[in-house]
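Asker: Below: one structure in structure tokens.
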Amino acid sequence: MSIDRTGRFDKAGLLTEPLENLTTGNPMPPANLNALRVFSTVAEHGNIQCAAEVLNLSRGAVSQRIKQIELEIGTPLLVRGARGVSLTPAGKRCHAAMTEALAIIDSALSDVAGHDGWITLHIGPSFMAKWMMPRMERFRKAFPWVSLATEIHNRVMDRGLGRGEIAIWPDTAPDPNPAHQSRHLTELRLAAVCSPDFLRPDWPMGPETLLTLPLLQDGHRRWDRLAEATGQRPAHAPLNFGRSALALDAAMNGHGVAIAPHHMIEADLRAKRLVEIWFPPEPSNEGLYMSWAKEQNGGRHLRRVVDWFLVEFGQGHRRQE
């Protein structure tokens, strides 16, 4: 049993105490399940206000539930900052344990309720707007029995995936979580694009010419990196957008040139809303990856949905029902 230096019962030590050692003495009171779900949501979003909006609670109510857990276990779980919150070492251990436990609970409840046709897709906002939305009708025809939910994230998830959950993210390596299956979907092949009506030189362009044009930049700041690599300062200050989809929409409206991965611009290229005018000579060393849980994936339909994504990216064959 964990005892601190003053001889008092050390609740924080329970986070690392072996289970077989916790069989005597007065046990720590169990934390409220709703409070644990609140903590997991805050940990996932890294921001109390964002978590409050997702949970439909007030910011104060969320903070109160976090403090409740911290008092019960006797150690801080979050470090509060001006731009959000981060997890303490104890918070990281607690979040990992809660994610696994909540996934098991959700899986069991889904089994009881018969919800094996529910799939939750975790993706970035621009991937949803530029890749998934043009294929939604095709997805619905392929899976009329699947109830699809999408959760939009602005950063890579740091929690484990539970039953019926699929995550798709750009990265430089596969998902390292040993509890996940991970598949490489495609290389990130970048291209500079603009509207067909955008006034530009009619000769083949290199970086030096591109950087003289009006530039539309998203959160990846690829124009800034190109300027740094070439040592050439852009002729115009780039217009900055938080999301790739917004920069591409601005390009379609004739406001300048954007850089984006090829899978994000396929539909607009086919519809001739955009044209490609330059390709970086070097690979981006990034890829698009898909992950799902090995054990708590549940439901007989998840693997078919996984196969659908693989086929859409030119891999594998569709399964027959």
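All residue names refer to the structure tokens as shown: chains lettered A, B, ... in order, residues numbered from 1 in each chain, ligands numbered from 1 in order.
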Step one, run DSSP on the backbone; step two, keep only residues of segment 213-317 of chain A assigned to helix (DSSP H, G or I); then write them as an MDAnalysis selection string.

Answerer: chainID A and resid 222:230 244:252 262:270 302:312

Asker: Any idea what the distance is between atom CA of Ala96 of chain A and atom CA of His153 of chain A?

Answerer: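 Value for the atom CA of Ala96 of chain A-atom CA of His153 of chain A distance: 18.8 Å.
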
Asker: Excluding segment 49-56 of chain A and any residue of its chain fewer than 6 positions from it, enumerate the residues within 9 Å of it, using only C-alpha atoms, and give them as a compact mmCIF listing (two decimals) with N, CA and C atoms, in the first residue's frame.

Answerer:
```txt
# COMPACT_ATOMS: atom_id res chain seq x y z
N VAL A 38 -15.93 13.39 -18.50
CA VAL A 38 -15.60 14.80 -18.68
C VAL A 38 -14.09 14.97 -18.78
N PHE A 39 -13.36 14.32 -17.87
CA PHE A 39 -11.89 14.40 -17.90
C PHE A 39 -11.35 13.89 -19.23
N THR A 41 -12.78 13.85 -22.14
CA THR A 41 -13.10 14.80 -23.20
C THR A 41 -12.15 16.01 -23.15
N VAL A 42 -11.88 16.51 -21.95
CA VAL A 42 -10.93 17.62 -21.80
C VAL A 42 -9.54 17.19 -22.27
N ALA A 43 -9.12 15.99 -21.89
CA ALA A 43 -7.79 15.51 -22.29
C ALA A 43 -7.71 15.36 -23.80
N VAL A 62 -17.50 21.88 -16.07
CA VAL A 62 -16.40 21.00 -16.48
C VAL A 62 -15.23 21.13 -15.52
N GLY A 84 -4.88 26.68 -23.20
CA GLY A 84 -5.54 25.39 -23.02
C GLY A 84 -4.94 24.65 -21.85
```

Asker: When you draw a straight line from atom CA of Ile152 of chain A to atom CA of Phe127 of chain A, how long is it in Å?

Answerer: 9.4 Å

Asker: Name the closest residue to Asn47 of chain A among the candidates A:Ile73, A:Ala82, A:Val306, A:Leu161; distances are taken between atoms, counting only C-alpha atoms.

Answerer: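 Smallest distance to Asn47 of chain A is found for A:Ala82.
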
Asker: List the neighbours of Arg273 of chain A out to 10 Å using only C-alpha atoms; skip same-chain residues closer than 4 positions along the sequence, and give me the result as a list in words.

Answerer: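 Near Arg273 of chain A, the qualifying residues are Val193, Cys194, Ser195, Pro196, Asp197, Leu248, Asp249, Ala251, Met252, Asn253, Ile265, Ala267, Asp268 and Leu269 of chain A.
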
Asker: Out of segment 43-261 of chain A, which residues get strand (DSSP E or B) from DSSP, as a compact mmCIF listing (two decimals) with all heavy atoms, in the first residue's frame?

Answerer:
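Produced file selection03.txt, reproduced below:
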```
# COMPACT_ATOMS: atom_id res chain seq x y z
N LEU A 78 -4.22 17.98 -14.66
CA LEU A 78 -4.08 18.94 -15.75
C LEU A 78 -3.19 20.10 -15.33
O LEU A 78 -3.15 20.48 -14.16
CB LEU A 78 -5.44 19.51 -16.15
CG LEU A 78 -6.51 18.54 -16.65
CD1 LEU A 78 -7.81 19.29 -16.91
CD2 LEU A 78 -6.05 17.82 -17.90
N VAL A 79 -2.46 20.63 -16.30
CA VAL A 79 -1.75 21.88 -16.13
C VAL A 79 -2.50 22.92 -16.96
O VAL A 79 -2.64 22.78 -18.17
CB VAL A 79 -0.29 21.79 -16.62
CG1 VAL A 79 0.39 23.15 -16.51
CG2 VAL A 79 0.47 20.74 -15.83
N ARG A 80 -3.03 23.92 -16.31
CA ARG A 80 -3.85 24.92 -16.97
C ARG A 80 -2.99 26.06 -17.48
O ARG A 80 -2.18 26.60 -16.74
CB ARG A 80 -4.94 25.42 -16.03
CG ARG A 80 -6.02 24.37 -15.72
CD ARG A 80 -6.44 24.41 -14.27
NE ARG A 80 -7.52 23.46 -14.01
CZ ARG A 80 -7.33 22.24 -13.49
NH1 ARG A 80 -6.10 21.84 -13.19
NH2 ARG A 80 -8.35 21.45 -13.26
N GLY A 81 -3.17 26.42 -18.76
CA GLY A 81 -2.40 27.49 -19.37
C GLY A 81 -3.29 28.45 -20.12
O GLY A 81 -4.51 28.23 -20.24
N GLY A 84 -4.88 26.68 -23.20
CA GLY A 84 -5.54 25.39 -23.02
C GLY A 84 -4.94 24.65 -21.85
O GLY A 84 -4.36 25.25 -20.94
N VAL A 85 -5.09 23.35 -21.85
CA VAL A 85 -4.58 22.53 -20.77
C VAL A 85 -3.71 21.42 -21.34
O VAL A 85 -3.86 21.02 -22.50
CB VAL A 85 -5.73 21.91 -19.94
CG1 VAL A 85 -6.55 22.99 -19.26
CG2 VAL A 85 -6.61 21.02 -20.81
N SER A 86 -2.80 20.93 -20.53
CA SER A 86 -1.98 19.77 -20.89
C SER A 86 -2.04 18.79 -19.74
O SER A 86 -2.39 19.14 -18.61
CB SER A 86 -0.54 20.18 -21.19
OG SER A 86 0.04 20.84 -20.07
N LEU A 87 -1.71 17.55 -20.02
CA LEU A 87 -1.78 16.50 -19.01
C LEU A 87 -0.50 16.41 -18.21
O LEU A 87 0.59 16.48 -18.76
CB LEU A 87 -2.06 15.15 -19.68
CG LEU A 87 -3.39 15.01 -20.41
CD1 LEU A 87 -3.46 13.65 -21.11
CD2 LEU A 87 -4.56 15.16 -19.45
N TRP A 118 -22.99 0.99 -36.00
CA TRP A 118 -22.55 2.37 -35.76
C TRP A 118 -21.06 2.49 -36.01
O TRP A 118 -20.26 1.73 -35.47
CB TRP A 118 -22.86 2.79 -34.33
CG TRP A 118 -24.32 3.02 -34.07
CD1 TRP A 118 -25.37 2.62 -34.85
CD2 TRP A 118 -24.88 3.68 -32.94
NE1 TRP A 118 -26.55 2.99 -34.28
CE2 TRP A 118 -26.29 3.66 -33.11
CE3 TRP A 118 -24.35 4.30 -31.82
CZ2 TRP A 118 -27.17 4.23 -32.19
CZ3 TRP A 118 -25.22 4.86 -30.90
CH2 TRP A 118 -26.61 4.84 -31.08
N ILE A 119 -20.68 3.46 -36.84
CA ILE A 119 -19.27 3.74 -37.11
C ILE A 119 -19.02 5.22 -36.84
O ILE A 119 -19.76 6.08 -37.30
CB ILE A 119 -18.90 3.43 -38.58
CG1 ILE A 119 -19.15 1.97 -38.91
CG2 ILE A 119 -17.44 3.81 -38.86
CD1 ILE A 119 -18.27 0.99 -38.17
N THR A 120 -17.95 5.50 -36.09
CA THR A 120 -17.55 6.88 -35.84
C THR A 120 -16.23 7.14 -36.55
O THR A 120 -15.26 6.41 -36.35
CB THR A 120 -17.38 7.16 -34.33
OG1 THR A 120 -18.63 6.92 -33.67
CG2 THR A 120 -16.96 8.61 -34.09
N LEU A 121 -16.22 8.16 -37.37
CA LEU A 121 -15.05 8.51 -38.17
C LEU A 121 -14.42 9.78 -37.61
O LEU A 121 -15.06 10.83 -37.55
CB LEU A 121 -15.47 8.73 -39.63
CG LEU A 121 -14.38 9.00 -40.65
CD1 LEU A 121 -13.42 7.84 -40.75
CD2 LEU A 121 -15.01 9.29 -42.01
N HIS A 122 -13.15 9.68 -37.17
CA HIS A 122 -12.40 10.82 -36.64
C HIS A 122 -11.48 11.34 -37.74
O HIS A 122 -10.55 10.64 -38.16
CB HIS A 122 -11.58 10.39 -35.42
CG HIS A 122 -12.40 9.86 -34.29
ND1 HIS A 122 -13.00 10.68 -33.36
CD2 HIS A 122 -12.73 8.59 -33.95
CE1 HIS A 122 -13.65 9.94 -32.48
NE2 HIS A 122 -13.51 8.66 -32.82
N ILE A 123 -11.73 12.57 -38.19
CA ILE A 123 -10.97 13.13 -39.30
C ILE A 123 -10.77 14.62 -39.11
O ILE A 123 -11.43 15.25 -38.27
CB ILE A 123 -11.69 12.89 -40.66
CG1 ILE A 123 -13.14 13.34 -40.57
CG2 ILE A 123 -11.59 11.44 -41.09
CD1 ILE A 123 -13.91 13.17 -41.87
N SER A 147 -24.89 3.43 -39.57
CA SER A 147 -25.13 4.76 -39.03
C SER A 147 -23.77 5.43 -38.82
O SER A 147 -23.02 5.05 -37.91
CB SER A 147 -25.90 4.67 -37.71
OG SER A 147 -26.11 5.96 -37.16
N LEU A 148 -23.43 6.39 -39.68
CA LEU A 148 -22.11 7.03 -39.64
C LEU A 148 -22.16 8.32 -38.84
O LEU A 148 -23.01 9.18 -39.06
CB LEU A 148 -21.63 7.33 -41.07
CG LEU A 148 -20.26 8.01 -41.19
CD1 LEU A 148 -19.16 7.06 -40.75
CD2 LEU A 148 -20.03 8.50 -42.61
N ALA A 149 -21.22 8.45 -37.92
CA ALA A 149 -21.02 9.70 -37.20
C ALA A 149 -19.61 10.19 -37.50
O ALA A 149 -18.67 9.39 -37.58
CB ALA A 149 -21.19 9.50 -35.70
N THR A 150 -19.44 11.48 -37.70
CA THR A 150 -18.12 12.04 -37.93
C THR A 150 -17.78 13.00 -36.79
O THR A 150 -18.61 13.81 -36.39
CB THR A 150 -18.05 12.79 -39.27
OG1 THR A 150 -19.07 13.80 -39.31
CG2 THR A 150 -18.24 11.83 -40.43
N GLU A 151 -16.57 12.88 -36.29
CA GLU A 151 -16.06 13.80 -35.28
C GLU A 151 -14.86 14.53 -35.89
O GLU A 151 -13.89 13.89 -36.31
CB GLU A 151 -15.68 13.07 -34.00
CG GLU A 151 -16.89 12.51 -33.27
CD GLU A 151 -16.57 12.12 -31.83
OE1 GLU A 151 -15.46 12.47 -31.35
OE2 GLU A 151 -17.43 11.48 -31.20
N ILE A 152 -14.95 15.84 -35.93
CA ILE A 152 -13.94 16.67 -36.57
C ILE A 152 -12.92 17.12 -35.53
O ILE A 152 -13.28 17.63 -34.47
CB ILE A 152 -14.59 17.89 -37.25
CG1 ILE A 152 -15.67 17.44 -38.24
CG2 ILE A 152 -13.53 18.73 -37.94
CD1 ILE A 152 -15.18 16.51 -39.32
N GLU A 165 -14.72 2.72 -34.12
CA GLU A 165 -14.08 4.00 -34.38
C GLU A 165 -12.94 3.84 -35.39
O GLU A 165 -12.15 2.91 -35.30
CB GLU A 165 -13.53 4.61 -33.09
CG GLU A 165 -14.60 5.07 -32.12
CD GLU A 165 -14.00 5.82 -30.95
OE1 GLU A 165 -13.11 5.26 -30.27
OE2 GLU A 165 -14.41 6.97 -30.70
N ILE A 166 -12.88 4.78 -36.33
CA ILE A 166 -11.82 4.83 -37.33
C ILE A 166 -11.23 6.24 -37.32
O ILE A 166 -11.99 7.22 -37.28
CB ILE A 166 -12.35 4.50 -38.73
CG1 ILE A 166 -12.91 3.07 -38.78
CG2 ILE A 166 -11.26 4.67 -39.79
CD1 ILE A 166 -13.63 2.75 -40.08
N ALA A 167 -9.92 6.35 -37.33
CA ALA A 167 -9.26 7.65 -37.39
C ALA A 167 -8.39 7.72 -38.63
O ALA A 167 -7.71 6.75 -38.98
CB ALA A 167 -8.41 7.89 -36.14
N ILE A 168 -8.41 8.87 -39.31
CA ILE A 168 -7.60 9.09 -40.52
C ILE A 168 -6.81 10.38 -40.33
O ILE A 168 -7.41 11.45 -40.12
CB ILE A 168 -8.48 9.15 -41.78
CG1 ILE A 168 -9.20 7.81 -41.98
CG2 ILE A 168 -7.64 9.49 -43.01
CD1 ILE A 168 -10.13 7.79 -43.18
N TRP A 169 -5.46 10.27 -40.42
CA TRP A 169 -4.60 11.41 -40.15
C TRP A 169 -3.38 11.41 -41.05
O TRP A 169 -2.86 10.35 -41.37
CB TRP A 169 -4.10 11.39 -38.69
CG TRP A 169 -5.16 11.59 -37.69
CD1 TRP A 169 -5.73 10.64 -36.89
CD2 TRP A 169 -5.82 12.81 -37.36
NE1 TRP A 169 -6.68 11.20 -36.09
CE2 TRP A 169 -6.77 12.53 -36.36
CE3 TRP A 169 -5.70 14.12 -37.83
CZ2 TRP A 169 -7.59 13.51 -35.81
CZ3 TRP A 169 -6.51 15.08 -37.28
CH2 TRP A 169 -7.45 14.78 -36.28
N PRO A 170 -2.88 12.61 -41.43
CA PRO A 170 -1.56 12.68 -42.08
C PRO A 170 -0.47 12.57 -41.03
O PRO A 170 -0.59 13.10 -39.93
CB PRO A 170 -1.57 14.07 -42.73
CG PRO A 170 -2.50 14.88 -41.88
CD PRO A 170 -3.54 13.93 -41.36
N ASP A 171 0.60 11.87 -41.38
CA ASP A 171 1.72 11.74 -40.44
C ASP A 171 2.94 11.24 -41.21
O ASP A 171 2.85 10.94 -42.40
CB ASP A 171 1.37 10.76 -39.31
CG ASP A 171 2.05 11.13 -38.00
OD1 ASP A 171 3.17 11.69 -38.05
OD2 ASP A 171 1.47 10.87 -36.94
N HIS A 180 -3.78 -0.55 -31.73
CA HIS A 180 -4.43 -0.18 -32.98
C HIS A 180 -3.89 -0.97 -34.16
O HIS A 180 -2.71 -1.31 -34.21
CB HIS A 180 -4.22 1.32 -33.28
CG HIS A 180 -4.92 2.23 -32.33
ND1 HIS A 180 -4.70 3.59 -32.31
CD2 HIS A 180 -5.85 1.99 -31.37
CE1 HIS A 180 -5.45 4.14 -31.37
NE2 HIS A 180 -6.15 3.19 -30.78
N GLN A 181 -4.76 -1.22 -35.12
CA GLN A 181 -4.35 -1.59 -36.45
C GLN A 181 -4.13 -0.29 -37.22
O GLN A 181 -4.83 0.69 -37.00
CB GLN A 181 -5.46 -2.39 -37.16
CG GLN A 181 -5.79 -3.72 -36.50
CD GLN A 181 -4.87 -4.83 -36.98
OE1 GLN A 181 -3.89 -4.59 -37.66
NE2 GLN A 181 -5.19 -6.05 -36.60
N SER A 182 -3.16 -0.28 -38.12
CA SER A 182 -2.87 0.93 -38.88
C SER A 182 -2.52 0.57 -40.31
O SER A 182 -1.79 -0.39 -40.55
CB SER A 182 -1.71 1.71 -38.23
OG SER A 182 -1.48 2.95 -38.90
N ARG A 183 -3.08 1.33 -41.27
CA ARG A 183 -2.78 1.11 -42.68
C ARG A 183 -2.41 2.42 -43.35
O ARG A 183 -2.99 3.46 -43.08
CB ARG A 183 -4.00 0.51 -43.39
CG ARG A 183 -4.25 -0.95 -43.10
CD ARG A 183 -3.18 -1.86 -43.69
NE ARG A 183 -3.10 -1.77 -45.14
CZ ARG A 183 -3.80 -2.53 -45.97
NH1 ARG A 183 -4.63 -3.45 -45.51
NH2 ARG A 183 -3.66 -2.38 -47.29
N HIS A 184 -1.43 2.35 -44.23
CA HIS A 184 -1.02 3.49 -45.03
C HIS A 184 -1.98 3.62 -46.20
O HIS A 184 -2.21 2.67 -46.95
CB HIS A 184 0.40 3.27 -45.53
CG HIS A 184 0.93 4.35 -46.41
ND1 HIS A 184 0.83 4.32 -47.78
CD2 HIS A 184 1.56 5.52 -46.11
CE1 HIS A 184 1.38 5.40 -48.29
NE2 HIS A 184 1.83 6.14 -47.29
N LEU A 185 -2.59 4.80 -46.36
CA LEU A 185 -3.57 5.01 -47.43
C LEU A 185 -2.94 5.60 -48.69
O LEU A 185 -3.23 5.16 -49.80
CB LEU A 185 -4.69 5.94 -46.94
CG LEU A 185 -5.60 5.37 -45.85
CD1 LEU A 185 -6.58 6.44 -45.38
CD2 LEU A 185 -6.34 4.14 -46.34
N THR A 186 -2.08 6.62 -48.52
CA THR A 186 -1.47 7.25 -49.69
C THR A 186 -0.34 8.16 -49.26
O THR A 186 -0.29 8.61 -48.10
CB THR A 186 -2.51 8.07 -50.48
OG1 THR A 186 -1.93 8.57 -51.68
CG2 THR A 186 -3.02 9.25 -49.66
N GLU A 187 0.59 8.39 -50.16
CA GLU A 187 1.60 9.42 -49.93
C GLU A 187 0.96 10.79 -50.09
O GLU A 187 0.02 10.96 -50.88
CB GLU A 187 2.74 9.28 -50.94
CG GLU A 187 3.51 7.98 -50.85
CD GLU A 187 4.32 7.86 -49.58
OE1 GLU A 187 4.68 8.93 -49.00
OE2 GLU A 187 4.59 6.74 -49.15
N LEU A 190 2.04 16.70 -53.02
CA LEU A 190 1.61 18.10 -53.00
C LEU A 190 1.56 18.68 -54.40
O LEU A 190 2.30 18.25 -55.30
CB LEU A 190 2.53 18.93 -52.12
CG LEU A 190 2.66 18.48 -50.66
CD1 LEU A 190 3.68 19.34 -49.93
CD2 LEU A 190 1.31 18.56 -49.97
N ALA A 191 0.69 19.67 -54.58
CA ALA A 191 0.61 20.39 -55.85
C ALA A 191 0.17 21.82 -55.57
O ALA A 191 -0.63 22.07 -54.65
CB ALA A 191 -0.36 19.72 -56.80
N ALA A 192 0.68 22.76 -56.36
CA ALA A 192 0.20 24.15 -56.32
C ALA A 192 -0.93 24.28 -57.32
O ALA A 192 -0.82 23.83 -58.47
CB ALA A 192 1.33 25.11 -56.65
N VAL A 193 -2.04 24.86 -56.88
CA VAL A 193 -3.24 24.94 -57.72
C VAL A 193 -3.82 26.34 -57.69
O VAL A 193 -3.59 27.11 -56.74
CB VAL A 193 -4.29 23.92 -57.26
CG1 VAL A 193 -3.83 22.49 -57.47
CG2 VAL A 193 -4.67 24.14 -55.79
N CYS A 194 -4.58 26.65 -58.72
CA CYS A 194 -5.29 27.93 -58.78
C CYS A 194 -6.51 27.75 -59.66
O CYS A 194 -6.72 26.70 -60.27
CB CYS A 194 -4.38 29.04 -59.31
SG CYS A 194 -3.83 28.79 -61.01
N LEU A 215 -0.25 34.39 -52.86
CA LEU A 215 -0.17 33.07 -52.24
C LEU A 215 -1.26 32.89 -51.18
O LEU A 215 -1.52 33.81 -50.39
CB LEU A 215 1.20 32.87 -51.61
CG LEU A 215 2.41 33.10 -52.53
CD1 LEU A 215 3.71 32.94 -51.75
CD2 LEU A 215 2.37 32.14 -53.72
N LEU A 216 -1.84 31.70 -51.17
CA LEU A 216 -2.89 31.34 -50.21
C LEU A 216 -2.34 30.21 -49.35
O LEU A 216 -2.03 29.15 -49.85
CB LEU A 216 -4.15 30.90 -50.95
CG LEU A 216 -4.67 31.87 -52.02
CD1 LEU A 216 -5.79 31.24 -52.83
CD2 LEU A 216 -5.13 33.17 -51.38
N GLN A 217 -2.24 30.46 -48.06
CA GLN A 217 -1.53 29.54 -47.17
C GLN A 217 -2.46 29.01 -46.08
O GLN A 217 -3.25 29.75 -45.52
CB GLN A 217 -0.35 30.28 -46.53
CG GLN A 217 0.50 29.43 -45.59
CD GLN A 217 1.85 30.08 -45.35
OE1 GLN A 217 2.87 29.55 -45.75
NE2 GLN A 217 1.86 31.23 -44.69
N LEU A 239 -1.89 35.32 -47.92
CA LEU A 239 -3.13 35.31 -47.18
C LEU A 239 -3.19 34.01 -46.39
O LEU A 239 -3.05 32.93 -46.97
CB LEU A 239 -4.33 35.40 -48.13
CG LEU A 239 -4.54 36.73 -48.86
CD1 LEU A 239 -5.73 36.62 -49.82
CD2 LEU A 239 -4.77 37.86 -47.86
N ASN A 240 -3.37 34.09 -45.09
CA ASN A 240 -3.30 32.91 -44.24
C ASN A 240 -4.68 32.43 -43.82
O ASN A 240 -5.52 33.22 -43.37
CB ASN A 240 -2.46 33.22 -42.99
CG ASN A 240 -1.01 33.44 -43.33
OD1 ASN A 240 -0.27 32.50 -43.60
ND2 ASN A 240 -0.58 34.71 -43.35
N VAL A 257 -2.82 31.35 -55.35
CA VAL A 257 -2.34 29.98 -55.54
C VAL A 257 -2.21 29.31 -54.17
O VAL A 257 -1.66 29.89 -53.23
CB VAL A 257 -0.97 29.97 -56.25
CG1 VAL A 257 -0.50 28.54 -56.48
CG2 VAL A 257 -1.06 30.73 -57.57
N ALA A 258 -2.73 28.09 -54.08
CA ALA A 258 -2.65 27.31 -52.83
C ALA A 258 -1.84 26.05 -53.07
O ALA A 258 -1.72 25.58 -54.21
CB ALA A 258 -4.06 26.96 -52.34
N ILE A 259 -1.29 25.50 -52.00
CA ILE A 259 -0.62 24.19 -52.05
C ILE A 259 -1.43 23.22 -51.19
O ILE A 259 -1.79 23.54 -50.06
CB ILE A 259 0.82 24.24 -51.51
CG1 ILE A 259 1.69 25.17 -52.33
CG2 ILE A 259 1.44 22.84 -51.52
CD1 ILE A 259 3.14 25.22 -51.86
N ALA A 260 -1.69 22.02 -51.75
CA ALA A 260 -2.47 21.03 -50.99
C ALA A 260 -2.11 19.63 -51.47
O ALA A 260 -1.62 19.45 -52.58
CB ALA A 260 -3.96 21.28 -51.17
N PRO A 261 -2.37 18.61 -50.64
CA PRO A 261 -2.16 17.22 -51.07
C PRO A 261 -3.13 16.86 -52.20
O PRO A 261 -4.26 17.35 -52.26
CB PRO A 261 -2.46 16.40 -49.81
CG PRO A 261 -2.34 17.36 -48.68
CD PRO A 261 -2.75 18.69 -49.22
```

Asker: From the set A:Gly256, A:Leu246, A:Thr172, A:Trp308, which residue has the shortest atom-to-atom contact distance to Lys141 of chain A, counting only C-alpha atoms?

Answerer: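 Ranking A:Gly256, A:Leu246, A:Thr172, A:Trp308 by distance to Lys141 of chain A, first place goes to A:Trp308.
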
Asker: Of the residues A:Gly160, A:Val311, A:Trp292, A:Ser126, which is the one nearest to Ala247 of chain A, using only C-alpha atoms?

Answerer: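 Among the listed residues, the smallest separation from Ala247 of chain A belongs to A:Ser126.
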
Asker: Using only C-alpha atoms, find the one residue out of A:Gly206, A:Phe143, A:Met157, A:Glu228 that sits nearest to Arg304 of chain A.

Answerer: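 Closest residue, counting only C-alpha atoms: A:Phe143.
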
Asker: Give the answer as one residue: which of A:Leu210, A:Trp131, A:Gly91, A:Gly242 has the shortest atom-to-atom distance to Ala227 of chain A, using only C-alpha atoms?

Answerer: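 Checking each of A:Leu210, A:Trp131, A:Gly91, A:Gly242 against Ala227 of chain A, counting only C-alpha atoms, the winner is A:Leu210.
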
Asker: Using only C-alpha atoms, find the one residue out of A:Arg159, A:Trp145, A:Gln64, A:Phe313 that sits nearest to Glu266 of chain A.

Answerer: A:Phe313

Asker: How many Å separate atom CA of Pro234 of chain A from atom CA of Met205 of chain A?

Answerer: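 Computed distance, atom CA of Pro234 of chain A to atom CA of Met205 of chain A, equals 14.6 Å.
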